[in-house]
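I have placed the structure first, in the form of structure tokens, so that the comments after it can refer back to it.
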Amino acid sequence: MADILSGRPERQAIVEEVGRESQFVFRDGNDPNRRIRETVYWDDFISSGLLTLVDDPSEAEAQTFVDLSVVLDDGEAMTGAIAIHRGYGVITDDRKASRILSGLGIVITSSLDLVAEWIEESRIPSEQAATVLLDIRIRARYVPPRTHGRYEWWVSTMHDPG
């Protein structure tokens with residue numbers, strides 16, 4: 001994650017609620033009996049300057065949060081409220097949040113787009129790229145939907161490690 005964040009030209013930020021909602025990833029395979037939770041230490045990314053913790057919302061942002069929380073989870077609602085008022089883009093893989101927030105004029109980027117751009121721009125070898133995607137599938141329990149613009153890339157990268 002540090003490599004991906006450090007390669008981005010724009011400032012990357014996280015709202016506190018999202019940090020609380022995404023506190024761990026899994027390791028040690030697909031078997032639910034063997035999965036071990038591994039803590040994500042957001043503070044390490046923040047203290048290194050790779051990620052900025054968004055400060056307290058303004059009154060207008062708080063009201064927008066309340067409005068959005070009727071249709072979105074708190075993390076997505078706060079992220080959307082901050083993005084609307086500060087002109088930020090949003091990185092999310094939540095389809096409902098993507099649809100609603102893009103409808104409000106927010107530029108949405110999927111985490112898979114970030115990973116794909118990093119793999120392509122950094123010229124990551126195909127075997128390592130396949131391992132990265134496997135880690136995402138196992139540790140984050142994420143597989144892109146077939147409708148995702150990078151779905152075919154995901155499949156070909158996962159199945160062509162060399």
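Letters A, B, ... mark the chains of the structure tokens in the order given; residue numbers begin at 1 per chain; ligand numbers begin at 1, in order shown.
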
Practice task
For A:Ala130, work out the shell of residues within 10 Å, counting only C-alpha atoms and skipping chain neighbours fewer than 3 positions away, then give it as number ranges by chain.
Solution key: A: 124-127, 133-136, 154-162

Practice task
Between A:Ser48, A:Ala140, A:Gly80, A:Gly7, single out the one closest to A:Phe26, counting only C-alpha atoms.
Solution key: A:Ala140

Handout entry: Selection: 12 Å around A:Arg95, only C-alpha atoms, excl. self and same-chain fewer than 2 positions, as a PyMOL selection string
Key = chain A and resi 72+76+91-93+97-102+108-110+144-145+147-148

Export C-alpha atoms of the chosen residues as a PDB file, in the first residue's frame?
ATOM      1  CA  LEU A  72     -24.986   5.224   2.826  1.00  0.00           C
ATOM      2  CA  GLU A  76     -19.052   6.452   2.820  1.00  0.00           C
ATOM      3  CA  ILE A  91     -11.708   5.942  -3.794  1.00  0.00           C
ATOM      4  CA  THR A  92     -14.310   3.258  -3.171  1.00  0.00           C
ATOM      5  CA  ASP A  93     -15.336  -0.167  -4.358  1.00  0.00           C
ATOM      6  CA  ALA A  97     -21.667   4.600  -2.826  1.00  0.00           C
ATOM      7  CA  SER A  98     -20.084   4.951  -6.284  1.00  0.00           C
ATOM      8  CA  ARG A  99     -23.468   5.392  -7.941  1.00  0.00           C
ATOM      9  CA  ILE A 100     -24.787   7.906  -5.407  1.00  0.00           C
ATOM     10  CA  LEU A 101     -21.598   9.949  -5.048  1.00  0.00           C
ATOM     11  CA  SER A 102     -20.849  10.077  -8.773  1.00  0.00           C
ATOM     12  CA  ILE A 108     -14.915   8.070  -8.210  1.00  0.00           C
ATOM     13  CA  THR A 109     -11.861   5.841  -8.518  1.00  0.00           C
ATOM     14  CA  SER A 110     -11.880   2.171  -7.600  1.00  0.00           C
ATOM     15  CA  PRO A 144     -14.335  -7.126  -8.860  1.00  0.00           C
ATOM     16  CA  PRO A 145     -17.784  -7.591 -10.335  1.00  0.00           C
ATOM     17  CA  THR A 147     -19.187  -5.187 -14.822  1.00  0.00           C
ATOM     18  CA  HIS A 148     -16.021  -3.521 -13.496  1.00  0.00           C
TER      19      HIS A 148
END

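Each of A:Ser6, A:Leu112, A:Ala13, A:Gln128 was compared to A:Tyr142 using only C-alpha atoms, and A:Leu112 turns out to be the nearest.
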
Practice task
Using only C-alpha atoms, determine which residues lie at most 8 Å from A:Ala62, disregarding the query and same-chain residues fewer than 4 positions distant; provide the list as a count of residues only.
Solution key: 5

Problem - Who sits within 12 Å of A:Asp55, only C-alpha atoms, same chain under 5 positions skipped, as a list in words - result: Ala13, Ile14, Val15, Glu16, Glu17, Glu61, Ala62, Met78, Thr79, Ile82 and Arg86 of chain A

Exercise for the section: Report the distance between atom CA of A:Pro9 and atom CA of A:Leu50 in Å, rounded to one decimal place. Expected result: 10.9 Å
